[in-house]
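Inspection log for the structure reproduced underneath, given as structure tokens.
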Amino acid sequence: MRTTKEKIEEIKNNGYQLDFANVFNLAFENYKKIAIYAGLMIFVFSVLIGILTAGIIIYTFGIGEMNQQFLENLKNENFTGIYLLIYIVSAIVLTCLLSPFPAGLIKMAHCAEKDEEFHVSTVFEYYKAPHFKELVISTLAISILSSILSSLFDYSGIKFIGTLLSMTVSFFTFLTIPFIIFGNLKAIDAIKSSAIIIAKQPLVILGLIIVAIIASMVGFIGCCIGVFFTIPFMYSMYYSIYVSIIGIDSESELE
């Protein structure tokens, strides 16, 4: 049985083939199995995060300050100096703390493919050692890099370039989570491996991601709450791309 690192080394030397239709079909079949459950979890989690965020803002600034002008001032382009730094640090910390949640959704897609049961605990499975640390470190590294690139170009007045570079970083590192939870790689190794894999077939993978984004946004049509039940397709696509390229040889790789 080859290890994940051996598979990556082979791909570095020989590349790989990725069939668009097969990956899409796998993602869609898995999505149908997890859509309702994952959608409910995303909805509940989003509501809880929203309540917590609103509570922190009200506690910090007072409910009397909550008006239209105050909400306008909360936009990040209005932040300067220490407030901009606080905003960036807070956003990065929140993103790091939330990073195990999408990992749980990707694991749910794996359970769906194997026709295994999944529960609420599946979504929160990676809020424990050893994966929690690696997920936080990887998210922290990616967030800092994206923030630096974005901020540099924002200050220079070329916001479009900063946004484009930030999106590029996100694209080349989106397999980081699967490499950590399925391949048991360390954070930095997972980031490097993700970039290596995607660089071999960037156009096919980009096409799959664009289709997944469009499919995820379909939920906005008619009733916006439906987006919570279409977003899981994105995580199903992440899993399908990973398993189509790297594969998961046995459950021992998950332990």
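Identifiers in this document derive from the order of the structure tokens: chains are assigned A, B, ..., residues are numbered from 1 separately in each chain, and ligands are numbered from 1 in order of occurrence.
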Taking 5 positions as the minimum chain separation for residues in the same chain, which residues sit within 10 Å of His131 of chain A when counting only C-alpha atoms? Answer as a compact mmCIF listing (two decimals) with N, CA, C and O atoms, in the first residue's frame.
# COMPACT_ATOMS: atom_id res chain seq x y z
N PRO A 100 -12.12 23.43 11.40
CA PRO A 100 -12.51 22.01 11.51
C PRO A 100 -13.93 21.73 11.02
O PRO A 100 -14.26 20.58 10.73
N ALA A 103 -13.95 20.68 7.42
CA ALA A 103 -13.30 19.37 7.40
C ALA A 103 -14.33 18.28 7.74
O ALA A 103 -14.33 17.20 7.13
N GLU A 125 -16.07 16.36 14.24
CA GLU A 125 -15.08 15.33 14.55
C GLU A 125 -13.66 15.86 14.66
O GLU A 125 -12.85 15.35 15.43
N TYR A 126 -13.36 16.91 13.91
CA TYR A 126 -11.97 17.38 13.85
C TYR A 126 -11.68 18.52 14.82
O TYR A 126 -10.64 19.16 14.72
N VAL A 136 -5.80 24.24 12.08
CA VAL A 136 -5.65 25.63 12.51
C VAL A 136 -4.36 26.24 11.95
O VAL A 136 -4.36 27.36 11.45
N ILE A 137 -3.26 25.48 12.02
CA ILE A 137 -1.98 25.99 11.51
C ILE A 137 -2.06 26.26 10.01
O ILE A 137 -1.61 27.31 9.53
N ILE A 177 -7.14 20.76 3.35
CA ILE A 177 -7.93 20.06 4.37
C ILE A 177 -8.03 18.56 4.09
O ILE A 177 -7.79 17.75 4.99
N ILE A 180 -4.90 16.79 5.05
CA ILE A 180 -4.70 16.68 6.50
C ILE A 180 -5.57 15.57 7.09
O ILE A 180 -5.08 14.73 7.86
N ILE A 181 -6.85 15.55 6.73
CA ILE A 181 -7.76 14.61 7.40
C ILE A 181 -7.74 13.22 6.77
O ILE A 181 -8.03 12.23 7.45
N ASN A 184 -3.26 12.47 6.45
CA ASN A 184 -2.49 12.62 7.69
C ASN A 184 -1.20 13.41 7.51
O ASN A 184 -0.19 13.14 8.15
N LEU A 185 -1.23 14.41 6.63
CA LEU A 185 -0.06 15.26 6.42
C LEU A 185 -0.06 16.40 7.42
O LEU A 185 -1.10 16.83 7.91
N LYS A 186 1.12 16.90 7.71
CA LYS A 186 1.25 18.10 8.54
C LYS A 186 0.79 19.31 7.73
O LYS A 186 0.71 19.26 6.51
N ALA A 187 0.52 20.39 8.43
CA ALA A 187 -0.08 21.56 7.80
C ALA A 187 0.70 22.07 6.60
O ALA A 187 0.15 22.22 5.50
N GLU A 255 -7.09 7.37 10.49
CA GLU A 255 -6.90 7.27 11.93
C GLU A 255 -5.56 7.89 12.33
O GLU A 255 -4.61 7.83 11.61
Write out as a PyMOL selection string the residues lying within 9 Å of Val227 of chain A, counting only C-alpha atoms and excluding same-chain residues fewer than 6 positions away. chain A and resi 39+216-221
Go ahead and save the residues from that selection, with N, CA and C atoms, as a compact mmCIF listing (two decimals), in the first residue's frame.
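Written output follows (again.txt):
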# COMPACT_ATOMS: atom_id res chain seq x y z
N GLY A 39 -26.90 20.68 5.06
CA GLY A 39 -27.53 21.99 4.96
C GLY A 39 -28.07 22.47 6.29
N SER A 216 -23.62 25.83 -6.06
CA SER A 216 -23.83 26.22 -4.66
C SER A 216 -24.67 27.48 -4.55
N MET A 217 -24.55 28.38 -5.55
CA MET A 217 -25.28 29.64 -5.52
C MET A 217 -26.72 29.51 -6.01
N VAL A 218 -27.07 28.35 -6.58
CA VAL A 218 -28.43 28.14 -7.07
C VAL A 218 -29.45 28.31 -5.95
N GLY A 219 -29.03 28.05 -4.72
CA GLY A 219 -29.93 28.17 -3.58
C GLY A 219 -30.46 29.57 -3.34
N PHE A 220 -29.82 30.58 -3.95
CA PHE A 220 -30.31 31.95 -3.79
C PHE A 220 -31.57 32.20 -4.61
N ILE A 221 -31.83 31.34 -5.59
CA ILE A 221 -33.00 31.52 -6.44
C ILE A 221 -34.27 31.16 -5.65
Quick one: everything within 10 Å of Ile36 of chain A, counting only C-alpha atoms, minus sequence neighbours fewer than 6 positions away in the same chain. Send it as a compact mmCIF listing (two decimals) with N, CA and C atoms, in the first residue's frame.
# COMPACT_ATOMS: atom_id res chain seq x y z
N ILE A 42 -25.13 23.49 8.50
CA ILE A 42 -24.58 24.79 8.09
C ILE A 42 -25.50 25.92 8.54
N PHE A 228 -28.21 27.31 1.93
CA PHE A 228 -27.62 26.46 2.96
C PHE A 228 -27.64 24.99 2.53
N PHE A 229 -28.57 24.65 1.65
CA PHE A 229 -28.71 23.26 1.22
C PHE A 229 -28.02 23.00 -0.12
N THR A 230 -27.50 24.05 -0.76
CA THR A 230 -26.71 23.86 -1.98
C THR A 230 -25.22 24.02 -1.73
N PRO A 232 -23.39 22.54 0.48
CA PRO A 232 -22.71 21.25 0.66
C PRO A 232 -22.14 20.65 -0.62
Segment 118-121 of chain A: which residues within 12 Å, counting only C-alpha atoms, same-chain residues fewer than 2 positions away excluded, as a ChimeraX atom specification? /A:33-34,37-42,44-45,100-101,104-116,123-128
Using N, CA, C and O atoms, can you export the residues from the last selection as a compact mmCIF listing (two decimals), in the first residue's frame?
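For reference, part15.txt as written:
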# COMPACT_ATOMS: atom_id res chain seq x y z
N LYS A 33 -26.81 12.64 -1.04
CA LYS A 33 -26.90 11.90 0.22
C LYS A 33 -26.71 12.80 1.44
O LYS A 33 -27.22 12.48 2.52
N ILE A 34 -25.98 13.91 1.28
CA ILE A 34 -25.66 14.74 2.45
C ILE A 34 -26.37 16.09 2.44
O ILE A 34 -26.28 16.83 3.43
N TYR A 37 -28.94 16.98 5.52
CA TYR A 37 -28.28 16.94 6.83
C TYR A 37 -27.21 18.02 6.92
O TYR A 37 -27.14 18.78 7.89
N ALA A 38 -26.33 18.09 5.90
CA ALA A 38 -25.26 19.08 5.91
C ALA A 38 -25.83 20.49 5.85
O ALA A 38 -25.32 21.41 6.51
N GLY A 39 -26.90 20.68 5.06
CA GLY A 39 -27.53 21.99 4.96
C GLY A 39 -28.07 22.47 6.29
O GLY A 39 -27.91 23.63 6.66
N LEU A 40 -28.72 21.56 7.02
CA LEU A 40 -29.24 21.92 8.34
C LEU A 40 -28.10 22.29 9.30
O LEU A 40 -28.21 23.25 10.07
N MET A 41 -27.01 21.55 9.24
CA MET A 41 -25.87 21.83 10.11
C MET A 41 -25.26 23.19 9.78
O MET A 41 -24.91 23.96 10.68
N ILE A 42 -25.13 23.49 8.50
CA ILE A 42 -24.58 24.79 8.09
C ILE A 42 -25.50 25.92 8.54
O ILE A 42 -25.04 26.96 9.02
N VAL A 44 -27.76 25.95 11.09
CA VAL A 44 -27.71 26.10 12.55
C VAL A 44 -26.39 26.73 12.98
O VAL A 44 -26.36 27.65 13.81
N PHE A 45 -25.29 26.26 12.39
CA PHE A 45 -23.97 26.78 12.75
C PHE A 45 -23.87 28.27 12.39
O PHE A 45 -23.33 29.07 13.16
N PRO A 100 -12.12 23.43 11.40
CA PRO A 100 -12.51 22.01 11.51
C PRO A 100 -13.93 21.73 11.02
O PRO A 100 -14.26 20.58 10.73
N PHE A 101 -14.77 22.76 10.93
CA PHE A 101 -16.16 22.55 10.50
C PHE A 101 -16.25 22.10 9.05
O PHE A 101 -16.90 21.08 8.75
N GLY A 104 -15.22 18.57 8.68
CA GLY A 104 -16.27 17.61 9.03
C GLY A 104 -17.26 17.39 7.90
O GLY A 104 -17.73 16.27 7.69
N LEU A 105 -17.54 18.45 7.14
CA LEU A 105 -18.45 18.32 6.00
C LEU A 105 -17.82 17.46 4.90
O LEU A 105 -18.50 16.68 4.24
N ILE A 106 -16.51 17.62 4.71
CA ILE A 106 -15.80 16.81 3.72
C ILE A 106 -15.78 15.35 4.17
O ILE A 106 -15.94 14.43 3.37
N LYS A 107 -15.59 15.12 5.48
CA LYS A 107 -15.64 13.75 6.00
C LYS A 107 -17.04 13.15 5.81
O LYS A 107 -17.20 11.96 5.52
N MET A 108 -18.06 13.99 5.91
CA MET A 108 -19.43 13.52 5.69
C MET A 108 -19.60 13.02 4.26
O MET A 108 -20.29 12.01 4.01
N ALA A 109 -18.97 13.72 3.30
CA ALA A 109 -19.02 13.28 1.90
C ALA A 109 -18.34 11.93 1.73
O ALA A 109 -18.79 11.09 0.95
N HIS A 110 -17.27 11.71 2.50
CA HIS A 110 -16.58 10.41 2.46
C HIS A 110 -17.50 9.31 3.00
O HIS A 110 -17.59 8.23 2.40
N CYS A 111 -18.18 9.60 4.09
CA CYS A 111 -19.12 8.62 4.65
C CYS A 111 -20.23 8.30 3.66
O CYS A 111 -20.66 7.14 3.54
N ALA A 112 -20.69 9.33 2.93
CA ALA A 112 -21.75 9.13 1.94
C ALA A 112 -21.29 8.19 0.84
O ALA A 112 -22.04 7.31 0.40
N GLU A 113 -20.04 8.37 0.38
CA GLU A 113 -19.55 7.50 -0.69
C GLU A 113 -19.45 6.05 -0.23
O GLU A 113 -19.73 5.12 -0.98
N LYS A 114 -19.07 5.86 1.04
CA LYS A 114 -18.90 4.52 1.58
C LYS A 114 -20.21 3.95 2.13
O LYS A 114 -20.22 2.85 2.68
N ASP A 115 -21.30 4.73 1.99
CA ASP A 115 -22.61 4.33 2.53
C ASP A 115 -22.54 4.05 4.03
O ASP A 115 -23.18 3.12 4.54
N GLU A 116 -21.78 4.88 4.73
CA GLU A 116 -21.67 4.79 6.18
C GLU A 116 -22.58 5.84 6.82
O GLU A 116 -22.84 6.90 6.23
N VAL A 123 -19.61 16.14 11.87
CA VAL A 123 -19.28 17.51 11.48
C VAL A 123 -18.25 18.13 12.43
O VAL A 123 -17.40 18.92 12.02
N PHE A 124 -18.32 17.75 13.70
CA PHE A 124 -17.42 18.33 14.70
C PHE A 124 -16.27 17.38 15.07
O PHE A 124 -15.60 17.58 16.07
N GLU A 125 -16.07 16.36 14.24
CA GLU A 125 -15.08 15.33 14.55
C GLU A 125 -13.66 15.86 14.66
O GLU A 125 -12.85 15.35 15.43
N TYR A 126 -13.36 16.91 13.91
CA TYR A 126 -11.97 17.38 13.85
C TYR A 126 -11.68 18.52 14.82
O TYR A 126 -10.64 19.16 14.72
N TYR A 127 -12.60 18.75 15.75
CA TYR A 127 -12.32 19.69 16.84
C TYR A 127 -11.60 18.95 17.98
O TYR A 127 -11.92 19.12 19.15
N LYS A 128 -10.67 18.11 17.62
CA LYS A 128 -9.89 17.36 18.60
C LYS A 128 -8.55 16.99 17.97
O LYS A 128 -8.38 17.05 16.75
Smallest atom-to-atom distance to Leu165 of chain A: which of A:Ser147, A:Pro178, A:Leu18, A:Leu85, using only C-alpha atoms?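 Counting only C-alpha atoms, the residue closest to Leu165 of chain A is A:Ser147.
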Which residues are close to Ala21 of chain A, i.e. within 12 Å by only C-alpha atoms, leaving aside same-chain residues fewer than 6 positions away? Reply as a PyMOL selection string. chain A and resi 27-28+204-205+207-208+211+237+240-241+244
Resulting file, chosen residues, C-alpha atoms, as a PDB file, in the first residue's frame:
ATOM      1  CA  ALA A  27     -19.680  14.875  -6.324  1.00  0.00           C
ATOM      2  CA  PHE A  28     -23.345  15.034  -7.295  1.00  0.00           C
ATOM      3  CA  VAL A 204      -9.777  20.977 -15.297  1.00  0.00           C
ATOM      4  CA  ILE A 205      -9.851  21.584 -11.545  1.00  0.00           C
ATOM      5  CA  GLY A 207     -13.635  24.206 -14.248  1.00  0.00           C
ATOM      6  CA  LEU A 208     -14.903  21.806 -11.583  1.00  0.00           C
ATOM      7  CA  VAL A 211     -19.280  24.574 -11.653  1.00  0.00           C
ATOM      8  CA  MET A 237     -16.698  18.484  -4.876  1.00  0.00           C
ATOM      9  CA  SER A 240     -14.486  14.059  -5.050  1.00  0.00           C
ATOM     10  CA  ILE A 241     -11.490  15.861  -6.564  1.00  0.00           C
ATOM     11  CA  SER A 244     -10.265  10.941  -7.736  1.00  0.00           C
TER      12      SER A 244
END
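Computed from the coordinates, the atom CA of Gln201 of chain A to atom CA of Asp19 of chain A distance equals 10.7 Å.
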Quick one: residues within 10 Å of Lys12 of chain A, only C-alpha atoms counted, chain neighbours fewer than 6 positions away excluded, as an MDAnalysis selection string? chainID A and resid 6 193 196:197 199:200
Atoms kept (N, CA and C atoms) for selection, written as a PDB file, in the first residue's frame:
ATOM      1  N   GLU A   6       4.062   9.068  -1.047  1.00  0.00           N
ATOM      2  CA  GLU A   6       4.542   8.337  -2.211  1.00  0.00           C
ATOM      3  C   GLU A   6       3.675   8.640  -3.434  1.00  0.00           C
ATOM      4  N   SER A 193       1.556  20.153  -0.882  1.00  0.00           N
ATOM      5  CA  SER A 193       1.017  19.058  -1.695  1.00  0.00           C
ATOM      6  C   SER A 193      -0.187  19.516  -2.504  1.00  0.00           C
ATOM      7  N   ILE A 196       1.046  21.469  -5.463  1.00  0.00           N
ATOM      8  CA  ILE A 196       1.671  20.581  -6.448  1.00  0.00           C
ATOM      9  C   ILE A 196       0.611  19.868  -7.282  1.00  0.00           C
ATOM     10  N   ILE A 197      -0.394  19.318  -6.609  1.00  0.00           N
ATOM     11  CA  ILE A 197      -1.440  18.552  -7.286  1.00  0.00           C
ATOM     12  C   ILE A 197      -2.241  19.438  -8.240  1.00  0.00           C
ATOM     13  N   ALA A 199      -1.413  22.310  -9.571  1.00  0.00           N
ATOM     14  CA  ALA A 199      -0.589  22.857 -10.655  1.00  0.00           C
ATOM     15  C   ALA A 199      -0.473  21.899 -11.836  1.00  0.00           C
ATOM     16  N   LYS A 200      -0.717  20.612 -11.604  1.00  0.00           N
ATOM     17  CA  LYS A 200      -0.614  19.624 -12.679  1.00  0.00           C
ATOM     18  C   LYS A 200      -1.831  19.655 -13.620  1.00  0.00           C
TER      19      LYS A 200
END
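Here the question is which of A:Val23, A:Val169, A:Ile88, A:Leu149 gets nearest to Val243 of chain A using only C-alpha atoms, and that residue is A:Val23.
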At a cut-off of 12 Å, using only C-alpha atoms, what residues contact Thr95 of chain A? Leave out same-chain residues fewer than 5 positions from it and give the result as a PyMOL selection string. chain A and resi 49+88-90+100-102+135-144
Using atom CA of Leu175 of chain A and atom CA of Ser194 of chain A as the two end points, give the distance in Å to one decimal. 5.0 Å
Using DSSP on the backbone coordinates, identify all residues within segment 110-248 of chain A classified as helix (DSSP H, G or I); present the result as a ChimeraX atom specification. /A:110-113,120-123,131-155,159-172,176-181,187-200,202-220,224-230,232-245
